[in-house]
Amino acid sequence: MKKTALTMAVSSLMLAGTAQAAPLYDQDGTKLDIGGRVQGLYYGTSSDELEGDQSYLRLHVAGETRIDDETKAFAFAEYNLPTSGSDNDELRYGYVGIQNDRFGAFSYGRQDGLFTKAVNNYTDVLPEWGGDGLGKNTDVFGTGRNNGLAQYIYTYQGMTLGAQFTGKNEPWNDKDSKWMKGSDEGYALSANYDFDMGISLGAVYNMATKTGDQKELASFGGDDDAQLYGAGIKYSAGNLYLAATYAHGQDHIFVSKNGQSGYAEKSDGYEAVAQYSVTPKFKPSVAYLRTDVKDDRSGANIDDTLTEYVSVGAWYNFTDNFNAYVDYKINLLDEDGTDGYSSLGQVSDDVVGVALQYNF
């Protein structure tokens, strides 16, 4: 096993998002980088809920210090501030860890769950949309960005194994209206394998127990553990990228219908994406996402599609730091009596996102 291969593989999982960082300090085995992006983003749609300016500023800092020839400590933090105001700000990441070239890496703090790293990231690569078809979400049972995650990741000759403990946590900007987010304790296990021909496979299992508020306030599914199984495949070679992911959930996805809210007894999510770099500067993208939910335990009698759309978009990279993109979301949800909303209260209108992005 080559130390450099393990170091690169683990670092790509633990320190994702630092590619544009600029070095502030690099001396005596200690590094400090700062980076981020400024994004001018507009949503065009007939939905009053979504239409308008979505611009934001995002800043991150990353540090590492060498302990010995094989071991280093690292830390990463990232903050997001929408131009709409600080009420919608978020500390996206804040974690610290230690990495050994032979024994892998351990980290703790607010970071992406193993479900995101092992499976969801295969298809969450669209210009603007994506990542919402499988059941992963921020502050949701340790699947997305989440507080209190302890992770161990080990890579050997193309195989990556992960284990996660999810501590009891509350969502960022916690409010009474967000009782459906957060979780009690849980765990996750993941495995990935990268083949030499550009194919990668991933599988993950995530489980978390519900909080006291979730058990008390949910009309259904509150007393059962949230479980989410995921699997994915991707192919990346030359200018072509293809990926598909699937997830099955039990008492995991939160839904509302007919005045009742709770966690669907069963859910099935699908995502598929195809992208091709026509030139080094221009890359189009097309994707399909769908989430089906079912619950016969409540009077709501839920058997419906929560999410379904086609994404058609493209990037144009003027430089390594500056790009523009457009992403058109063709919503396939049926409107159900309420103007612009489905039977499960989801926006059913099409949306187009147009952005200019500067990374530093």
# chains A, B, ... in the order shown; residues from 1 in each chain; ligands from 1
>>> residues_around(residues="segment 242-259 of chain A", least_positions_apart="6", cutoff="9 Å", atoms="only C-alpha atoms", output="ChimeraX atom specification")
/A:119-120,122-123,133-136,140-141,180-181,202,207-208,220-236,265-276,293,299-302,306,343-345
>>> atom_distance(atom1="atom CA of Asn359 of chain A", atom2="atom CA of Ala105 of chain A")
27.6 Å
>>> residues_around(residues="segment 22-36 of chain A", least_positions_apart="3", cutoff="12 Å", atoms="only C-alpha atoms", output="short mmCIF file (atom, residue, chain, number, x, y, z; two decimals) with C-alpha atoms, in the first residue's frame")
data_model
loop_
_atom_site.label_atom_id
_atom_site.label_comp_id
_atom_site.auth_asym_id
_atom_site.auth_seq_id
_atom_site.Cartn_x
_atom_site.Cartn_y
_atom_site.Cartn_z
CA LEU A 15 -11.46 17.87 3.47
CA GLY A 17 -14.37 21.69 -0.75
CA THR A 18 -10.91 23.16 -0.16
CA ALA A 19 -9.67 22.95 -3.76
CA GLN A 39 -22.40 33.60 -5.86
CA TYR A 56 -24.78 34.20 -0.92
CA LEU A 57 -21.27 34.51 0.43
CA ARG A 58 -19.47 31.39 1.62
CA LEU A 59 -16.15 31.35 3.52
CA HIS A 60 -14.06 28.48 4.81
CA VAL A 61 -10.78 27.95 6.63
CA ALA A 62 -8.76 24.74 6.67
CA GLY A 63 -5.75 23.92 8.79
CA GLU A 64 -3.43 21.01 9.31
CA THR A 65 -0.32 20.37 11.35
CA ARG A 66 2.15 17.52 10.95
CA ILE A 67 2.56 15.38 14.09
CA ASP A 68 5.08 12.96 12.62
CA ASP A 69 6.01 11.53 9.21
CA GLU A 70 2.77 9.53 9.01
CA THR A 71 0.30 11.51 11.12
CA LYS A 72 -1.30 14.93 10.94
CA ALA A 73 -4.12 16.79 12.67
CA PHE A 74 -6.65 18.75 10.61
CA ALA A 75 -9.60 21.09 11.04
CA PHE A 76 -12.15 22.63 8.71
CA ALA A 77 -14.90 25.25 9.16
CA GLU A 78 -17.25 26.86 6.64
CA TYR A 79 -19.86 29.60 7.06
CA ASN A 80 -22.63 30.55 4.63
CA LEU A 81 -24.30 33.96 4.64
CA ASN A 321 -12.08 30.62 -10.48
CA GLN A 357 -19.92 32.18 -9.31
CA TYR A 358 -16.47 33.35 -8.24
CA ASN A 359 -14.37 30.92 -6.22
CA PHE A 360 -11.30 31.93 -4.25
#
>>> residues_around(residues="Pro127 of chain A", least_positions_apart="5", cutoff="8 Å", atoms="only C-alpha atoms", output="VMD selection string")
chain A and resid 285 313 to 315 325 to 327
>>> write_last_selection(atoms="all heavy atoms", output="compact mmCIF listing (two decimals), in the first residue's frame")
# COMPACT_ATOMS: atom_id res chain seq x y z
N SER A 285 -25.39 19.08 -18.48
CA SER A 285 -25.77 18.09 -17.48
C SER A 285 -27.27 17.81 -17.59
O SER A 285 -28.07 18.72 -17.81
CB SER A 285 -25.45 18.62 -16.08
OG SER A 285 -26.01 17.80 -15.07
N GLY A 313 -29.16 21.36 -17.37
CA GLY A 313 -28.33 22.53 -17.09
C GLY A 313 -26.99 22.45 -17.78
O GLY A 313 -26.67 21.50 -18.49
N ALA A 314 -26.17 23.47 -17.53
CA ALA A 314 -24.82 23.52 -18.10
C ALA A 314 -23.99 24.55 -17.37
O ALA A 314 -24.51 25.54 -16.85
CB ALA A 314 -24.88 23.85 -19.59
N TRP A 315 -22.65 24.31 -17.34
CA TRP A 315 -21.68 25.26 -16.82
C TRP A 315 -20.86 25.85 -17.98
O TRP A 315 -20.60 25.16 -18.97
CB TRP A 315 -20.67 24.60 -15.90
CG TRP A 315 -21.14 24.10 -14.59
CD1 TRP A 315 -21.17 24.76 -13.40
CD2 TRP A 315 -21.59 22.77 -14.30
NE1 TRP A 315 -21.61 23.95 -12.40
CE2 TRP A 315 -21.87 22.72 -12.92
CE3 TRP A 315 -21.78 21.62 -15.08
CZ2 TRP A 315 -22.34 21.57 -12.30
CZ3 TRP A 315 -22.25 20.48 -14.47
CH2 TRP A 315 -22.52 20.45 -13.10
N TYR A 325 -23.54 29.38 -14.72
CA TYR A 325 -24.32 28.18 -15.02
C TYR A 325 -25.80 28.49 -15.04
O TYR A 325 -26.27 29.51 -14.51
CB TYR A 325 -24.02 27.06 -14.02
CG TYR A 325 -24.50 27.28 -12.60
CD1 TYR A 325 -25.86 27.15 -12.25
CD2 TYR A 325 -23.60 27.55 -11.57
CE1 TYR A 325 -26.28 27.31 -10.94
CE2 TYR A 325 -24.01 27.70 -10.27
CZ TYR A 325 -25.36 27.59 -9.96
OH TYR A 325 -25.78 27.75 -8.66
N VAL A 326 -26.53 27.59 -15.69
CA VAL A 326 -27.99 27.63 -15.70
C VAL A 326 -28.48 26.22 -15.44
O VAL A 326 -27.87 25.24 -15.89
CB VAL A 326 -28.53 28.17 -17.05
CG1 VAL A 326 -28.07 27.30 -18.21
CG2 VAL A 326 -30.05 28.28 -17.02
N ASP A 327 -29.54 26.09 -14.66
CA ASP A 327 -30.09 24.76 -14.34
C ASP A 327 -31.61 24.88 -14.30
O ASP A 327 -32.18 25.57 -13.45
CB ASP A 327 -29.56 24.28 -12.98
CG ASP A 327 -29.74 22.79 -12.80
OD1 ASP A 327 -30.39 22.15 -13.65
OD2 ASP A 327 -29.21 22.24 -11.81
>>> atom_distance(atom1="atom CA of Tyr108 of chain A", atom2="atom CA of Lys178 of chain A")
23.7 Å
>>> select_by_dssp(residues="segment 220-302 of chain A", states="strand (DSSP E or B)", output="JSON, numbers by chain")
{"A": [220, 226, 227, 228, 229, 230, 231, 232, 233, 234, 235, 236, 237, 240, 241, 242, 243, 244, 245, 246, 247, 248, 249, 250, 254, 255, 256, 257, 260, 261, 262, 263, 266, 267, 268, 269, 270, 271, 272, 273, 274, 275, 276, 282, 283, 284, 285, 286, 287, 288, 289, 290, 291, 292, 293, 294, 295, 302]}
>>> residues_around(residues="Asp194 of chain A", least_positions_apart="2", cutoff="10 Å", atoms="only C-alpha atoms", output="list in words")
Gln157, Gly158, Met159, Thr160, Asn192, Asp196, Met197, Gly198, Ile199, Ser200, Leu201, Gly202, Ile233, Lys234 and Tyr235 of chain A
>>> residues_around(residues="Leu333 of chain A", least_positions_apart="3", cutoff="10 Å", atoms="only C-alpha atoms", output="list in words")
Arg290, Asp304, Thr305, Leu306, Thr307, Glu308, Tyr309, Ile330, Asp336, Gly340, Tyr341, Ser342, Ser343, Leu344, Gln346, Val347, Ser348, Asp349 and Asp350 of chain A
>>> atom_distance(atom1="atom CA of Tyr263 of chain A", atom2="atom CA of Asn206 of chain A")
15.4 Å
>>> residues_around(residues="Glu170 of chain A", least_positions_apart="2", cutoff="9 Å", atoms="only C-alpha atoms", output="PyMOL selection string")
chain A and resi 139+146-147+168+172-174+179+181-184
>>> select_by_dssp(residues="segment 118-308 of chain A", states="helix (DSSP H, G or I)", output="list in words")
Ala118, Val119, Asn120, Asn121, Tyr122, Thr123, Asp176, Ser177, Lys178, Gly212, Asp213, Gln214, Lys215, Glu216 and Leu217 of chain A
>>> closest_residue(among="A:Ala355, A:Tyr156, A:Pro82, A:Asp124", to="Arg102 of chain A", atoms="only C-alpha atoms")
A:Tyr156
